[in-house]
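Trainee: Quick one: structure below, then a few questions.
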Amino acid sequence: MTTSQSESLCPSKGIYFSIQPNIYWSDSFQRWLCFDRTLIDQILNDDTFRVHDFDIDQLTSRFNLDLKISSKILKLFPLAHEGDIHQELRKKFTIEINKNQKNALEVFKTEIQLVVQKIKNDCVNKEIDLIDLIHTAIKKSNAVIAGMPQLSNLNFSDLSRVLDDKTSIKKRVEINNYLEEVLDEMSSKMPYEDKIFHLALLAVGSSSLLGSLSDSLLLTLRCTPKGKFTNLSFDFDLPASGVSLLERVASKDIVISNVTILKDQKIQLYIESSGYQTNPMPQYSTTYFAAPTRHVCPGMKYSLDMWRIFSEAISSLDVSYELIDFNYRNGDSVFNFPTSIRVKID
Ligand code: HEM
């Protein structure tokens, strides 16, 4: 591990969150930032704060771009709406998730057992990237939960970048072109609107899950960088979240904790910080899933079950490991995304 990596071990993130003011205006972000769990819960449950509409039509017309598929997908996200449209879309997403959940978990269980076998049989005395192995297992189960098992090879980890308003135009064009290709590959018998719906479901859950599982594993390994997988102590609930922050917009002037948030001002809620609220090491927080609010994640049960299956499988692995290095995705302010977790297996 390099010095800068060891300096940024988990406790320092806890220190970073603990020295942030509860709420303040950031000139560089041109929005409010909030790090306090009680305030975050209050804001998420207050109807004055509405969700970001993720509308990219202004951007596309200003630059004369065709981002039709991305725009359609964004309009289908329940988390881009309030009121009746939100309720309707939320119901549609929840029904599909509940319908596919059991099969998706079974697929994941089988795939993660294959990962464990592969490490045991083929990787002793080798350096491997755990992320590659985890990606394959999650891709297969997420394709099932999104109702399109045939797309298990989809490179989905970039799709969620459409949710980040700082994503560059170049990246948006790249994602849109990729989505065009995927749509062409989907069955011609499936109506266009259904294809968009399944892609939207895949996009909304994939990075959160991939980020949360891999960041939780990495956190566990960083706390014990060398040893046997069977001796690792995994938290029963997800210790770390892949979703760093949520964004809301004030629909009228409002006073919160002695500051006045003006109509149309944005506020970023650092939900990840709630995991560190009482401890320098993160601990599971229901805020990771925006619970209990009107936008509480309908993929919460599935995701927590995935973590349990995953951590049980990894801790059954009777080999030694040493954490060699790791990296996080650059330029993504919404998702915590380890892109590699390199370990040596003995
Ligand atoms: C550990 C993994 C996950 C985490 C940490 C997570 C977190 C969240 C959070 C914080 C929200 C609220 C967003 C907001 O209020 O702005 C949300 C919403 C949502 N999540 Fe998840 N999520 C995860 C996995 C999933 C999965 C696997 C799916 C789908 C299979 C999914 C589907 C959704 C949907 C459809 C919404 C929108 C709900 C609404 O607006 O009513 N999530 N998620």
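Lettering and numbering for the structure tokens are positional, with chains as A, B, ... in the shown order, residues counted from 1 in each chain, and ligands counted from 1 in the shown order.
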List all protein, DNA and RNA residues that have an atom no more than 7 Å from any atom of ligand 1, counting only C-alpha atoms and all ligand atoms, and report them as an mmCIF file with N, CA and C atoms, in the first residue's frame.

Mentor:
data_model
loop_
_atom_site.group_PDB
_atom_site.id
_atom_site.type_symbol
_atom_site.label_atom_id
_atom_site.label_comp_id
_atom_site.auth_asym_id
_atom_site.auth_seq_id
_atom_site.Cartn_x
_atom_site.Cartn_y
_atom_site.Cartn_z
ATOM 1 N N VAL A 51 -37.133 16.406 -5.172
ATOM 2 C CA VAL A 51 -35.972 15.745 -5.774
ATOM 3 C C VAL A 51 -35.500 16.511 -7.003
ATOM 4 N N PHE A 77 -37.109 7.439 -13.950
ATOM 5 C CA PHE A 77 -36.648 7.182 -12.579
ATOM 6 C C PHE A 77 -37.650 7.731 -11.562
ATOM 7 N N PRO A 78 -38.124 6.888 -10.611
ATOM 8 C CA PRO A 78 -39.025 7.430 -9.584
ATOM 9 C C PRO A 78 -38.356 8.548 -8.799
ATOM 10 N N LEU A 79 -37.017 8.460 -8.650
ATOM 11 C CA LEU A 79 -36.344 9.453 -7.826
ATOM 12 C C LEU A 79 -36.146 10.782 -8.547
ATOM 13 N N ALA A 80 -36.734 10.907 -9.763
ATOM 14 C CA ALA A 80 -36.694 12.200 -10.451
ATOM 15 C C ALA A 80 -38.044 12.902 -10.354
ATOM 16 N N HIS A 86 -44.509 10.136 -9.231
ATOM 17 C CA HIS A 86 -43.576 9.382 -8.396
ATOM 18 C C HIS A 86 -44.230 8.087 -7.902
ATOM 19 N N ARG A 90 -42.909 4.471 -8.889
ATOM 20 C CA ARG A 90 -42.386 3.705 -7.746
ATOM 21 C C ARG A 90 -43.062 2.335 -7.666
ATOM 22 N N PHE A 93 -41.741 0.022 -10.442
ATOM 23 C CA PHE A 93 -40.391 -0.485 -10.131
ATOM 24 C C PHE A 93 -40.450 -1.526 -9.005
ATOM 25 N N THR A 94 -41.255 -1.221 -7.971
ATOM 26 C CA THR A 94 -41.312 -2.120 -6.812
ATOM 27 C C THR A 94 -41.895 -3.475 -7.203
ATOM 28 N N ILE A 97 -39.191 -5.435 -9.037
ATOM 29 C CA ILE A 97 -38.130 -5.883 -8.112
ATOM 30 C C ILE A 97 -38.635 -7.077 -7.290
ATOM 31 N N ASN A 142 -28.057 -8.836 -11.179
ATOM 32 C CA ASN A 142 -28.773 -7.580 -11.426
ATOM 33 C C ASN A 142 -29.556 -7.606 -12.731
ATOM 34 N N ILE A 145 -32.730 -9.245 -11.665
ATOM 35 C CA ILE A 145 -33.673 -8.400 -10.902
ATOM 36 C C ILE A 145 -34.281 -7.307 -11.790
ATOM 37 N N ALA A 146 -33.538 -6.895 -12.817
ATOM 38 C CA ALA A 146 -34.073 -5.868 -13.720
ATOM 39 C C ALA A 146 -34.985 -6.475 -14.787
ATOM 40 N N LEU A 201 -34.302 0.363 -14.698
ATOM 41 C CA LEU A 201 -34.205 -0.396 -13.446
ATOM 42 C C LEU A 201 -32.780 -0.907 -13.233
ATOM 43 N N LEU A 202 -32.173 -1.322 -14.314
ATOM 44 C CA LEU A 202 -30.783 -1.788 -14.209
ATOM 45 C C LEU A 202 -29.864 -0.627 -13.794
ATOM 46 N N VAL A 204 -30.605 2.196 -12.187
ATOM 47 C CA VAL A 204 -30.815 2.820 -10.872
ATOM 48 C C VAL A 204 -30.199 1.985 -9.739
ATOM 49 N N GLY A 205 -30.171 0.641 -9.916
ATOM 50 C CA GLY A 205 -29.684 -0.172 -8.795
ATOM 51 C C GLY A 205 -28.236 -0.595 -8.895
ATOM 52 N N SER A 206 -27.667 -0.580 -10.097
ATOM 53 C CA SER A 206 -26.392 -1.264 -10.284
ATOM 54 C C SER A 206 -25.209 -0.623 -9.566
ATOM 55 N N SER A 208 -25.209 1.555 -7.151
ATOM 56 C CA SER A 208 -25.388 1.615 -5.697
ATOM 57 C C SER A 208 -24.983 0.279 -5.081
ATOM 58 N N LEU A 209 -25.402 -0.799 -5.737
ATOM 59 C CA LEU A 209 -25.141 -2.123 -5.175
ATOM 60 C C LEU A 209 -23.672 -2.520 -5.332
ATOM 61 N N SER A 212 -21.682 -0.406 -2.994
ATOM 62 C CA SER A 212 -21.867 -0.710 -1.570
ATOM 63 C C SER A 212 -21.199 -2.019 -1.178
ATOM 64 N N LEU A 213 -21.395 -3.045 -2.014
ATOM 65 C CA LEU A 213 -20.793 -4.344 -1.670
ATOM 66 C C LEU A 213 -19.269 -4.256 -1.726
ATOM 67 N N SER A 241 -21.731 2.491 2.495
ATOM 68 C CA SER A 241 -22.679 2.702 1.401
ATOM 69 C C SER A 241 -21.939 3.133 0.141
ATOM 70 N N GLY A 242 -22.449 2.680 -1.016
ATOM 71 C CA GLY A 242 -21.876 3.134 -2.289
ATOM 72 C C GLY A 242 -22.476 4.455 -2.732
ATOM 73 N N VAL A 243 -23.507 4.915 -2.000
ATOM 74 C CA VAL A 243 -24.153 6.187 -2.376
ATOM 75 C C VAL A 243 -23.674 7.265 -1.404
ATOM 76 N N LEU A 246 -27.229 12.516 -1.572
ATOM 77 C CA LEU A 246 -28.466 12.744 -2.325
ATOM 78 C C LEU A 246 -28.611 14.240 -2.504
ATOM 79 N N GLU A 247 -29.397 14.620 -3.481
ATOM 80 C CA GLU A 247 -29.584 16.062 -3.680
ATOM 81 C C GLU A 247 -31.070 16.416 -3.628
ATOM 82 N N THR A 287 -30.182 5.427 6.809
ATOM 83 C CA THR A 287 -30.081 6.554 5.875
ATOM 84 C C THR A 287 -29.408 6.133 4.564
ATOM 85 N N TYR A 288 -28.603 5.075 4.614
ATOM 86 C CA TYR A 288 -27.981 4.581 3.376
ATOM 87 C C TYR A 288 -29.037 4.307 2.305
ATOM 88 N N PHE A 289 -30.258 3.937 2.763
ATOM 89 C CA PHE A 289 -31.333 3.615 1.826
ATOM 90 C C PHE A 289 -32.444 4.670 1.855
ATOM 91 N N ALA A 290 -32.134 5.830 2.401
ATOM 92 C CA ALA A 290 -33.123 6.912 2.527
ATOM 93 C C ALA A 290 -34.379 6.444 3.270
ATOM 94 N N ARG A 294 -40.348 8.999 1.683
ATOM 95 C CA ARG A 294 -41.213 8.617 0.549
ATOM 96 C C ARG A 294 -40.394 8.047 -0.611
ATOM 97 N N HIS A 295 -39.062 8.289 -0.615
ATOM 98 C CA HIS A 295 -38.226 7.735 -1.684
ATOM 99 C C HIS A 295 -37.384 6.550 -1.204
ATOM 100 N N VAL A 296 -37.779 5.945 -0.062
ATOM 101 C CA VAL A 296 -36.965 4.827 0.460
ATOM 102 C C VAL A 296 -36.721 3.794 -0.646
ATOM 103 N N CYS A 297 -35.492 3.294 -0.679
ATOM 104 C CA CYS A 297 -35.059 2.412 -1.764
ATOM 105 C C CYS A 297 -35.866 1.105 -1.795
ATOM 106 N N PRO A 298 -36.550 0.820 -2.901
ATOM 107 C CA PRO A 298 -37.277 -0.456 -2.973
ATOM 108 C C PRO A 298 -36.348 -1.652 -3.183
ATOM 109 N N GLY A 299 -35.050 -1.374 -3.405
ATOM 110 C CA GLY A 299 -34.080 -2.473 -3.558
ATOM 111 C C GLY A 299 -33.361 -2.773 -2.246
ATOM 112 N N MET A 300 -33.855 -2.195 -1.140
ATOM 113 C CA MET A 300 -33.144 -2.317 0.148
ATOM 114 C C MET A 300 -33.035 -3.768 0.623
ATOM 115 N N TYR A 302 -33.346 -6.591 -1.012
ATOM 116 C CA TYR A 302 -32.495 -7.349 -1.941
ATOM 117 C C TYR A 302 -31.015 -7.044 -1.664
ATOM 118 N N SER A 303 -30.679 -5.772 -1.499
ATOM 119 C CA SER A 303 -29.279 -5.370 -1.322
ATOM 120 C C SER A 303 -28.708 -5.895 -0.001
ATOM 121 N N LEU A 304 -29.523 -5.830 1.070
ATOM 122 C CA LEU A 304 -29.034 -6.340 2.359
ATOM 123 C C LEU A 304 -28.860 -7.860 2.306
#

Trainee: Compile the contact shell of stretch 228-233 of chain A as number ranges by chain: residues with an atom at most 10 Å away, counting only C-alpha atoms, same-chain residues fewer than 2 positions apart removed.

Mentor: A: 220-221, 223-226, 235-236, 311-322, 345-346

Trainee: Restricting the output to C-alpha atoms, write the selected residues as a JSON list (two decimals), in the first residue's frame.

Mentor:
[["chain", "number", "residue", "atom", "x", "y", "z"],
["A", 220, "THR", "CA", -13.37, -4.85, 6.02],
["A", 221, "LEU", "CA", -10.07, -5.79, 4.33],
["A", 223, "CYS", "CA", -9.19, -2.99, 8.79],
["A", 224, "THR", "CA", -7.38, -6.36, 8.61],
["A", 225, "PRO", "CA", -5.05, -6.03, 5.57],
["A", 226, "LYS", "CA", -3.52, -9.47, 6.04],
["A", 235, "ASP", "CA", -20.70, -6.78, 9.92],
["A", 236, "PHE", "CA", -24.08, -8.45, 9.53],
["A", 311, "SER", "CA", -19.98, -11.83, 3.25],
["A", 312, "GLU", "CA", -20.86, -15.40, 4.28],
["A", 313, "ALA", "CA", -19.35, -16.77, 1.05],
["A", 314, "ILE", "CA", -16.12, -14.75, 1.38],
["A", 315, "SER", "CA", -15.70, -15.71, 5.04],
["A", 316, "SER", "CA", -16.01, -19.41, 4.15],
["A", 317, "LEU", "CA", -12.87, -19.10, 2.00],
["A", 318, "ASP", "CA", -10.16, -21.06, 3.77],
["A", 319, "VAL", "CA", -7.09, -19.30, 2.27],
["A", 320, "SER", "CA", -4.80, -16.44, 3.33],
["A", 321, "TYR", "CA", -4.83, -13.04, 1.66],
["A", 322, "GLU", "CA", -2.85, -9.82, 1.73],
["A", 345, "ILE", "CA", -3.74, -15.20, -2.22],
["A", 346, "ASP", "CA", -1.67, -17.80, -0.33]]

Trainee: Which polymer residues have any atom within 9 Å of an atom of stretch 270-275 of chain A, counting only C-alpha atoms, with same-chain residues fewer than 6 positions away left out, as an NGL selection string?

Mentor: :A and (13-14 or 17-18 or 33-38 or 40 or 239-247 or 281-290)

Trainee: Write down as a PyMOL selection string the residues of stretch 185-259 of chain A whose backbone DSSP state falls under helix (DSSP H, G or I).

Mentor: chain A and resi 185+192-223+229-231

Trainee: Enumerate as a PDB file with C-alpha atoms, in the first residue's frame all residues of stretch 133-244 of chain A assigned to strand (DSSP E or B) by DSSP on the backbone, naming them with the chain letters and numbers the document uses.

Mentor:
ATOM      1  CA  LYS A 226      -3.517  -9.471   6.039  1.00  0.00           C
ATOM      2  CA  GLY A 227      -4.861 -12.767   7.364  1.00  0.00           C
ATOM      3  CA  LYS A 228      -7.291 -15.526   6.577  1.00  0.00           C
ATOM      4  CA  VAL A 243     -24.153   6.187  -2.376  1.00  0.00           C
TER       5      VAL A 243
END
